[in-house]
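Asker: Supplied in structure tokens, the structure appears directly below.
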Amino acid sequence: MLVLSRQRDESIMIGDSIVVTIVDIRGDKVRLGINAPAEIPVHRQEVYEAIQRENLRAASLDPAETQSLGGMTARRGGSEQPSSKQQPR
Amino acid sequence: MRINTTRFGRIDVDAADLLTFPSGLPGLEHCREWALLADADNDALGWLQSTARGDVAIAVVSPRRFVPHYQVRIPRSELTPLRLHDIRQAQLVVIVGKNATGLTLNLKAPIVINLEERTGRQVVASGDLPMAHQLDPNPTALKKSA
């Protein structure tokens, strides 16, 4: 891991398109500003890792395990616009 | 295009129907192209089938059919990569997972699809939402309280 010391308002460049700026330092909490291209997602690491774990868990689901979904649909008063789905053509 | 899938056998999809996820999905970053299939038995359920990996498919549902009051706030920075200015231009689905108790829905990180451009990505919604909202396998229990 590369370790750099920065003070408030100083920045770090990652590659040629990502800039991380120390916006504020208060006690043991640091506020970081991140400038990155829109196509690069930026997340708190623990959130990203939790999503990864959930996705991999979901990717192990088999259609047989989803049978019970049919009985779980919430009862609704009016009609709901169906979500669009594609049949393979 | 023909995909040999482990769940659905060999399927043919029109290239124009495919969805492109420029960043893949967290944990499946290399799966950039997906076909959205309807489940044969359950009209509430769709399957995102990876075109590159026949063994990779993700069950998705329209969240409000299972969580009627589900509301999301999605930061604009999460929508910009899809060239969406407004969440209402998008199709929003959530991923079905499972834990020891049963099926769950990832309400914290829904999938947003730009139907016009056939692109999508998984976004992180603001606020305290569960990543594994437990689905009640016995919703009829609610009827007994009348």
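The way I read the labels, and the way they are meant: chains A, B, ... in the order of the structure tokens, residue 1 as the first residue of every chain, and ligand 1 as the first ligand shown, with later ones counted on from there.
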How would you write, as JSON, numbers by chain, the set of residues in chain A that DSSP gives as strand (DSSP E or B)?

Answerer: {"A": [11, 12, 13, 14, 18, 19, 20, 21, 22, 23, 24, 25, 26, 29, 30, 31, 32, 33, 34, 35]}

Asker: Give me the residues of segment 29-80 of chain A that have any atom at most 9 Å from an atom of segment 72-88 of chain B; for each, the nearest atom pair and the distance in Å, rounded to one decimal. Use only C-alpha atoms, sort by chain and number, and format it as CSV.

Answerer:
```
residue,atom,partner,partner_atom,distance
A:Pro37,CA,B:Pro81,CA,8.6
A:Ala38,CA,B:Pro81,CA,5.1
A:Glu39,CA,B:Pro81,CA,5.2
A:Ile40,CA,B:Pro81,CA,8.3
A:Pro41,CA,B:Glu78,CA,7.8
```

Asker: As a list of chain:residue names, please: every residue in chain A that DSSP puts in alpha helix (DSSP H).

Answerer: A:Gln45, A:Glu46, A:Val47, A:Tyr48, A:Glu49, A:Ala50, A:Ile51, A:Gln52, A:Arg53, A:Glu54, A:Asn55, A:Leu56, A:Arg57, A:Ala58

Asker: Could the residues in this selection be saved with N, CA and C atoms as a PDB file, in the first residue's frame?

Answerer:
```
ATOM      1  N   GLN A  45     -15.514   0.985   1.034  1.00  0.00           N
ATOM      2  CA  GLN A  45     -15.071  -0.381   0.753  1.00  0.00           C
ATOM      3  C   GLN A  45     -16.002  -1.433   1.349  1.00  0.00           C
ATOM      4  N   GLU A  46     -16.430  -1.197   2.593  1.00  0.00           N
ATOM      5  CA  GLU A  46     -17.244  -2.244   3.237  1.00  0.00           C
ATOM      6  C   GLU A  46     -18.595  -2.399   2.546  1.00  0.00           C
ATOM      7  N   VAL A  47     -19.103  -1.299   1.977  1.00  0.00           N
ATOM      8  CA  VAL A  47     -20.372  -1.386   1.238  1.00  0.00           C
ATOM      9  C   VAL A  47     -20.164  -2.179  -0.052  1.00  0.00           C
ATOM     10  N   TYR A  48     -19.085  -1.851  -0.768  1.00  0.00           N
ATOM     11  CA  TYR A  48     -18.798  -2.558  -2.021  1.00  0.00           C
ATOM     12  C   TYR A  48     -18.624  -4.051  -1.783  1.00  0.00           C
ATOM     13  N   GLU A  49     -17.876  -4.387  -0.720  1.00  0.00           N
ATOM     14  CA  GLU A  49     -17.636  -5.809  -0.433  1.00  0.00           C
ATOM     15  C   GLU A  49     -18.917  -6.522  -0.039  1.00  0.00           C
ATOM     16  N   ALA A  50     -19.781  -5.826   0.688  1.00  0.00           N
ATOM     17  CA  ALA A  50     -21.053  -6.447   1.065  1.00  0.00           C
ATOM     18  C   ALA A  50     -21.910  -6.710  -0.178  1.00  0.00           C
ATOM     19  N   ILE A  51     -21.894  -5.773  -1.119  1.00  0.00           N
ATOM     20  CA  ILE A  51     -22.655  -5.963  -2.361  1.00  0.00           C
ATOM     21  C   ILE A  51     -22.075  -7.133  -3.156  1.00  0.00           C
ATOM     22  N   GLN A  52     -20.755  -7.219  -3.185  1.00  0.00           N
ATOM     23  CA  GLN A  52     -20.093  -8.336  -3.877  1.00  0.00           C
ATOM     24  C   GLN A  52     -20.561  -9.665  -3.313  1.00  0.00           C
ATOM     25  N   ARG A  53     -20.547  -9.760  -1.975  1.00  0.00           N
ATOM     26  CA  ARG A  53     -20.934 -11.018  -1.322  1.00  0.00           C
ATOM     27  C   ARG A  53     -22.385 -11.348  -1.653  1.00  0.00           C
ATOM     28  N   GLU A  54     -23.252 -10.349  -1.579  1.00  0.00           N
ATOM     29  CA  GLU A  54     -24.669 -10.566  -1.873  1.00  0.00           C
ATOM     30  C   GLU A  54     -24.862 -11.007  -3.317  1.00  0.00           C
ATOM     31  N   ASN A  55     -24.128 -10.375  -4.245  1.00  0.00           N
ATOM     32  CA  ASN A  55     -24.264 -10.737  -5.654  1.00  0.00           C
ATOM     33  C   ASN A  55     -23.821 -12.169  -5.892  1.00  0.00           C
ATOM     34  N   LEU A  56     -22.731 -12.561  -5.264  1.00  0.00           N
ATOM     35  CA  LEU A  56     -22.242 -13.921  -5.479  1.00  0.00           C
ATOM     36  C   LEU A  56     -23.198 -14.941  -4.869  1.00  0.00           C
ATOM     37  N   ARG A  57     -23.803 -14.560  -3.752  1.00  0.00           N
ATOM     38  CA  ARG A  57     -24.806 -15.424  -3.148  1.00  0.00           C
ATOM     39  C   ARG A  57     -26.012 -15.546  -4.095  1.00  0.00           C
ATOM     40  N   ALA A  58     -26.422 -14.428  -4.646  1.00  0.00           N
ATOM     41  CA  ALA A  58     -27.570 -14.421  -5.558  1.00  0.00           C
ATOM     42  C   ALA A  58     -27.267 -15.232  -6.810  1.00  0.00           C
TER      43      ALA A  58
END
```

Asker: Please identify all polymer residues within 12 Å of Asp136 of chain B, counting only C-alpha atoms, omitting same-chain residues fewer than 5 positions from it, and present them as a ChimeraX atom specification.

Answerer: /A:68-74 /B:66-67,98,101-105,141-142

Asker: May I have the residues from that selection written out with C-alpha atoms, as a PDB file, in the first residue's frame?

Answerer:
```pdb
ATOM      1  CA  SER A  68     -42.016 -19.671  -3.485  1.00  0.00           C
ATOM      2  CA  LEU A  69     -41.861 -16.145  -4.961  1.00  0.00           C
ATOM      3  CA  GLY A  70     -45.150 -16.738  -6.711  1.00  0.00           C
ATOM      4  CA  GLY A  71     -47.056 -16.761  -3.436  1.00  0.00           C
ATOM      5  CA  MET A  72     -45.304 -13.777  -1.952  1.00  0.00           C
ATOM      6  CA  THR A  73     -46.509 -10.970  -4.178  1.00  0.00           C
ATOM      7  CA  ALA A  74     -47.995  -8.229  -2.023  1.00  0.00           C
TER       8      ALA A  74
ATOM      9  CA  PHE B  66     -42.959  -7.515  -2.831  1.00  0.00           C
ATOM     10  CA  VAL B  67     -42.238  -4.356  -0.839  1.00  0.00           C
ATOM     11  CA  LYS B  98     -30.930 -16.150  -0.165  1.00  0.00           C
ATOM     12  CA  THR B 101     -33.997 -18.407   6.445  1.00  0.00           C
ATOM     13  CA  GLY B 102     -35.043 -18.094   2.834  1.00  0.00           C
ATOM     14  CA  LEU B 103     -35.165 -15.674  -0.070  1.00  0.00           C
ATOM     15  CA  THR B 104     -34.046 -12.080   0.314  1.00  0.00           C
ATOM     16  CA  LEU B 105     -34.119  -8.891  -1.732  1.00  0.00           C
ATOM     17  CA  ALA B 141     -50.207 -15.262   8.103  1.00  0.00           C
ATOM     18  CA  LEU B 142     -51.177 -11.578   7.778  1.00  0.00           C
TER      19      LEU B 142
END
```

Asker: Which residues are close to Arg31 of chain A, i.e. within 12 Å by only C-alpha atoms, leaving aside same-chain residues fewer than 2 positions away? Reply as a list in words.

Answerer: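 Returned residues: Gln7, Arg8, Asp9, Glu10, Val20, Thr21, Ile22, Val23, Asp24, Ile25, Arg26, Gly27, Asp28, Lys29, Gly33 and Ile34 of chain A.
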
Asker: Take the residues just selected and output them with N, CA and C atoms as a short mmCIF file (atom, residue, chain, number, x, y, z; two decimals), in the first residue's frame.

Answerer:
```cif
data_model
loop_
_atom_site.label_atom_id
_atom_site.label_comp_id
_atom_site.auth_asym_id
_atom_site.auth_seq_id
_atom_site.Cartn_x
_atom_site.Cartn_y
_atom_site.Cartn_z
N GLN A 7 -2.47 17.17 4.10
CA GLN A 7 -3.19 18.05 5.02
C GLN A 7 -4.51 18.46 4.36
N ARG A 8 -5.32 19.14 5.14
CA ARG A 8 -6.61 19.60 4.60
C ARG A 8 -6.39 20.39 3.32
N ASP A 9 -7.26 20.14 2.34
CA ASP A 9 -7.25 20.83 1.03
C ASP A 9 -6.19 20.32 0.08
N GLU A 10 -5.36 19.38 0.55
CA GLU A 10 -4.38 18.81 -0.38
C GLU A 10 -4.99 17.61 -1.08
N VAL A 20 -8.30 12.64 -5.37
CA VAL A 20 -8.86 12.52 -4.02
C VAL A 20 -8.37 13.71 -3.22
N THR A 21 -9.30 14.44 -2.63
CA THR A 21 -8.95 15.66 -1.87
C THR A 21 -9.38 15.51 -0.42
N ILE A 22 -8.52 15.94 0.49
CA ILE A 22 -8.90 15.99 1.90
C ILE A 22 -9.76 17.24 2.08
N VAL A 23 -11.04 17.04 2.30
CA VAL A 23 -11.96 18.18 2.41
C VAL A 23 -11.98 18.71 3.84
N ASP A 24 -11.94 17.78 4.81
CA ASP A 24 -12.01 18.21 6.20
C ASP A 24 -11.40 17.13 7.09
N ILE A 25 -10.83 17.56 8.18
CA ILE A 25 -10.32 16.61 9.18
C ILE A 25 -10.90 17.05 10.52
N ARG A 26 -11.63 16.13 11.16
CA ARG A 26 -12.21 16.49 12.46
C ARG A 26 -12.08 15.28 13.37
N GLY A 27 -11.23 15.43 14.37
CA GLY A 27 -11.01 14.31 15.28
C GLY A 27 -10.44 13.12 14.51
N ASP A 28 -11.11 11.97 14.59
CA ASP A 28 -10.57 10.81 13.89
C ASP A 28 -11.33 10.55 12.59
N LYS A 29 -12.07 11.55 12.13
CA LYS A 29 -12.84 11.37 10.90
C LYS A 29 -12.30 12.30 9.82
N GLY A 33 -13.03 14.12 -0.69
CA GLY A 33 -13.75 14.44 -1.92
C GLY A 33 -13.11 13.66 -3.05
N ILE A 34 -13.94 13.02 -3.87
CA ILE A 34 -13.39 12.20 -4.96
C ILE A 34 -13.91 12.72 -6.30
#
```

Asker: Just want the 12 Å neighbourhood of Ser50 of chain B, counted on only C-alpha atoms, with same-chain residues fewer than 4 positions away dropped. Output as a PDB file with N, CA and C atoms, in the first residue's frame.

Answerer:
```pdb
ATOM      1  N   ALA A  59     -26.003 -15.180  -7.264  1.00  0.00           N
ATOM      2  CA  ALA A  59     -25.638 -15.875  -8.505  1.00  0.00           C
ATOM      3  C   ALA A  59     -25.650 -17.383  -8.332  1.00  0.00           C
TER       4      ALA A  59
ATOM      5  N   ARG B   2     -26.616 -17.218 -29.559  1.00  0.00           N
ATOM      6  CA  ARG B   2     -26.948 -18.430 -28.808  1.00  0.00           C
ATOM      7  C   ARG B   2     -26.141 -18.460 -27.520  1.00  0.00           C
ATOM      8  N   ILE B   3     -26.830 -18.737 -26.434  1.00  0.00           N
ATOM      9  CA  ILE B   3     -26.129 -18.866 -25.152  1.00  0.00           C
ATOM     10  C   ILE B   3     -26.423 -20.235 -24.582  1.00  0.00           C
ATOM     11  N   ASN B   4     -25.375 -20.947 -24.195  1.00  0.00           N
ATOM     12  CA  ASN B   4     -25.560 -22.228 -23.506  1.00  0.00           C
ATOM     13  C   ASN B   4     -25.590 -21.960 -22.003  1.00  0.00           C
ATOM     14  N   THR B   5     -26.780 -22.023 -21.424  1.00  0.00           N
ATOM     15  CA  THR B   5     -26.914 -21.688 -20.013  1.00  0.00           C
ATOM     16  C   THR B   5     -27.107 -22.946 -19.176  1.00  0.00           C
ATOM     17  N   THR B   6     -26.665 -22.877 -17.927  1.00  0.00           N
ATOM     18  CA  THR B   6     -26.791 -24.041 -17.051  1.00  0.00           C
ATOM     19  C   THR B   6     -28.210 -24.167 -16.491  1.00  0.00           C
ATOM     20  N   ARG B   7     -28.923 -23.074 -16.408  1.00  0.00           N
ATOM     21  CA  ARG B   7     -30.266 -23.119 -15.812  1.00  0.00           C
ATOM     22  C   ARG B   7     -31.358 -23.320 -16.856  1.00  0.00           C
ATOM     23  N   PHE B   8     -31.168 -22.732 -18.018  1.00  0.00           N
ATOM     24  CA  PHE B   8     -32.243 -22.682 -19.008  1.00  0.00           C
ATOM     25  C   PHE B   8     -31.916 -23.428 -20.292  1.00  0.00           C
ATOM     26  N   ILE B  11     -30.284 -21.155 -25.242  1.00  0.00           N
ATOM     27  CA  ILE B  11     -31.279 -20.143 -25.603  1.00  0.00           C
ATOM     28  C   ILE B  11     -30.746 -19.245 -26.708  1.00  0.00           C
ATOM     29  N   VAL B  13     -31.012 -15.426 -28.215  1.00  0.00           N
ATOM     30  CA  VAL B  13     -31.462 -14.061 -27.942  1.00  0.00           C
ATOM     31  C   VAL B  13     -31.046 -13.143 -29.076  1.00  0.00           C
ATOM     32  N   LEU B  18     -30.129  -7.357 -25.866  1.00  0.00           N
ATOM     33  CA  LEU B  18     -29.167  -7.504 -24.776  1.00  0.00           C
ATOM     34  C   LEU B  18     -28.956  -6.190 -24.031  1.00  0.00           C
ATOM     35  N   LEU B  19     -28.574  -6.324 -22.762  1.00  0.00           N
ATOM     36  CA  LEU B  19     -28.267  -5.167 -21.942  1.00  0.00           C
ATOM     37  C   LEU B  19     -26.763  -5.120 -21.698  1.00  0.00           C
ATOM     38  N   THR B  20     -26.211  -3.914 -21.777  1.00  0.00           N
ATOM     39  CA  THR B  20     -24.785  -3.738 -21.515  1.00  0.00           C
ATOM     40  C   THR B  20     -24.593  -3.080 -20.167  1.00  0.00           C
ATOM     41  N   PHE B  21     -23.810  -3.734 -19.308  1.00  0.00           N
ATOM     42  CA  PHE B  21     -23.450  -3.167 -18.016  1.00  0.00           C
ATOM     43  C   PHE B  21     -21.988  -2.766 -18.104  1.00  0.00           C
ATOM     44  N   GLY B  24     -20.067  -4.049 -15.327  1.00  0.00           N
ATOM     45  CA  GLY B  24     -20.460  -5.368 -14.837  1.00  0.00           C
ATOM     46  C   GLY B  24     -21.271  -5.203 -13.566  1.00  0.00           C
ATOM     47  N   LEU B  25     -21.089  -6.120 -12.633  1.00  0.00           N
ATOM     48  CA  LEU B  25     -21.698  -6.022 -11.304  1.00  0.00           C
ATOM     49  C   LEU B  25     -20.601  -6.255 -10.280  1.00  0.00           C
ATOM     50  N   LEU B  28     -18.882  -9.509 -10.180  1.00  0.00           N
ATOM     51  CA  LEU B  28     -19.009 -10.061 -11.542  1.00  0.00           C
ATOM     52  C   LEU B  28     -18.638  -8.973 -12.534  1.00  0.00           C
ATOM     53  N   GLU B  29     -17.469  -8.381 -12.268  1.00  0.00           N
ATOM     54  CA  GLU B  29     -17.076  -7.201 -13.050  1.00  0.00           C
ATOM     55  C   GLU B  29     -16.849  -7.524 -14.519  1.00  0.00           C
ATOM     56  N   HIS B  30     -16.541  -8.782 -14.832  1.00  0.00           N
ATOM     57  CA  HIS B  30     -16.245  -9.100 -16.226  1.00  0.00           C
ATOM     58  C   HIS B  30     -17.494  -9.482 -17.009  1.00  0.00           C
ATOM     59  N   CYS B  31     -18.625  -9.600 -16.327  1.00  0.00           N
ATOM     60  CA  CYS B  31     -19.875  -9.918 -17.017  1.00  0.00           C
ATOM     61  C   CYS B  31     -20.526  -8.612 -17.437  1.00  0.00           C
ATOM     62  N   ARG B  32     -20.295  -8.219 -18.667  1.00  0.00           N
ATOM     63  CA  ARG B  32     -20.733  -6.904 -19.124  1.00  0.00           C
ATOM     64  C   ARG B  32     -22.002  -6.968 -19.968  1.00  0.00           C
ATOM     65  N   GLU B  33     -22.340  -8.144 -20.424  1.00  0.00           N
ATOM     66  CA  GLU B  33     -23.478  -8.252 -21.331  1.00  0.00           C
ATOM     67  C   GLU B  33     -24.457  -9.281 -20.767  1.00  0.00           C
ATOM     68  N   TRP B  34     -25.741  -8.880 -20.760  1.00  0.00           N
ATOM     69  CA  TRP B  34     -26.746  -9.714 -20.129  1.00  0.00           C
ATOM     70  C   TRP B  34     -27.999  -9.782 -20.990  1.00  0.00           C
ATOM     71  N   ALA B  35     -28.685 -10.929 -20.893  1.00  0.00           N
ATOM     72  CA  ALA B  35     -30.010 -11.045 -21.490  1.00  0.00           C
ATOM     73  C   ALA B  35     -31.017 -11.072 -20.350  1.00  0.00           C
ATOM     74  N   LEU B  36     -32.082 -10.312 -20.462  1.00  0.00           N
ATOM     75  CA  LEU B  36     -33.119 -10.313 -19.427  1.00  0.00           C
ATOM     76  C   LEU B  36     -34.225 -11.260 -19.872  1.00  0.00           C
ATOM     77  N   LEU B  37     -34.376 -12.339 -19.147  1.00  0.00           N
ATOM     78  CA  LEU B  37     -35.327 -13.378 -19.498  1.00  0.00           C
ATOM     79  C   LEU B  37     -36.499 -13.385 -18.533  1.00  0.00           C
ATOM     80  N   GLY B  54     -22.298 -19.020 -19.074  1.00  0.00           N
ATOM     81  CA  GLY B  54     -23.584 -19.717 -19.033  1.00  0.00           C
ATOM     82  C   GLY B  54     -24.032 -20.092 -17.641  1.00  0.00           C
ATOM     83  N   ASP B  55     -23.101 -20.148 -16.696  1.00  0.00           N
ATOM     84  CA  ASP B  55     -23.479 -20.542 -15.338  1.00  0.00           C
ATOM     85  C   ASP B  55     -23.862 -19.346 -14.469  1.00  0.00           C
ATOM     86  N   VAL B  56     -23.760 -18.145 -15.015  1.00  0.00           N
ATOM     87  CA  VAL B  56     -24.049 -16.961 -14.210  1.00  0.00           C
ATOM     88  C   VAL B  56     -25.400 -16.360 -14.591  1.00  0.00           C
ATOM     89  N   ALA B  57     -26.334 -16.395 -13.676  1.00  0.00           N
ATOM     90  CA  ALA B  57     -27.636 -15.765 -13.880  1.00  0.00           C
ATOM     91  C   ALA B  57     -28.111 -15.239 -12.533  1.00  0.00           C
ATOM     92  N   ILE B  58     -28.787 -14.101 -12.576  1.00  0.00           N
ATOM     93  CA  ILE B  58     -29.237 -13.436 -11.360  1.00  0.00           C
ATOM     94  C   ILE B  58     -30.743 -13.246 -11.445  1.00  0.00           C
ATOM     95  N   ALA B  59     -31.450 -13.665 -10.396  1.00  0.00           N
ATOM     96  CA  ALA B  59     -32.895 -13.479 -10.364  1.00  0.00           C
ATOM     97  C   ALA B  59     -33.197 -12.045  -9.943  1.00  0.00           C
TER      98      ALA B  59
END
```

Asker: So what do you get for atom CA of Pro137 of chain B versus atom CA of Asp43 of chain B, distance-wise?

Answerer: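 Computing it gives 17.4 Å between the two atoms.
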
Asker: Name the closest residue to chain A among the candidates B:Val96, B:Ala40, B:Leu107, B:Ala52; distances are taken between atoms, counting only C-alpha atoms.

Answerer: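 For chain A, the nearest of the given residues is B:Val96.
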
Asker: Using only C-alpha atoms for the distances, tell me which of A:Gln67, A:Ser60, A:Asn35, A:His43 is nearest to Asp16 of chain A.

Answerer: A:Asn35

Asker: Excluding Ile113 of chain B and its own-chain neighbours fewer than 2 positions away, which residues fall within 8 Å of it when counting only C-alpha atoms? Please give them as a PyMOL selection string.

Answerer: chain B and resi 82+90-92+111+115+118-121

Asker: Let's have the selection written as a short mmCIF file (atom, residue, chain, number, x, y, z; two decimals), in the first residue's frame, with C-alpha atoms.

Answerer:
```cif
data_model
loop_
_atom_site.label_atom_id
_atom_site.label_comp_id
_atom_site.auth_asym_id
_atom_site.auth_seq_id
_atom_site.Cartn_x
_atom_site.Cartn_y
_atom_site.Cartn_z
CA LEU B 82 -26.15 5.53 -17.46
CA ALA B 90 -35.30 3.93 -15.81
CA GLN B 91 -36.43 0.43 -15.03
CA LEU B 92 -35.51 -0.50 -11.48
CA ILE B 111 -30.16 -2.46 -10.57
CA LEU B 115 -34.28 0.92 -21.43
CA ARG B 118 -30.07 -0.88 -23.22
CA THR B 119 -27.54 -0.18 -20.48
CA GLY B 120 -27.57 -0.92 -16.79
CA ARG B 121 -25.63 -0.87 -13.56
#
```
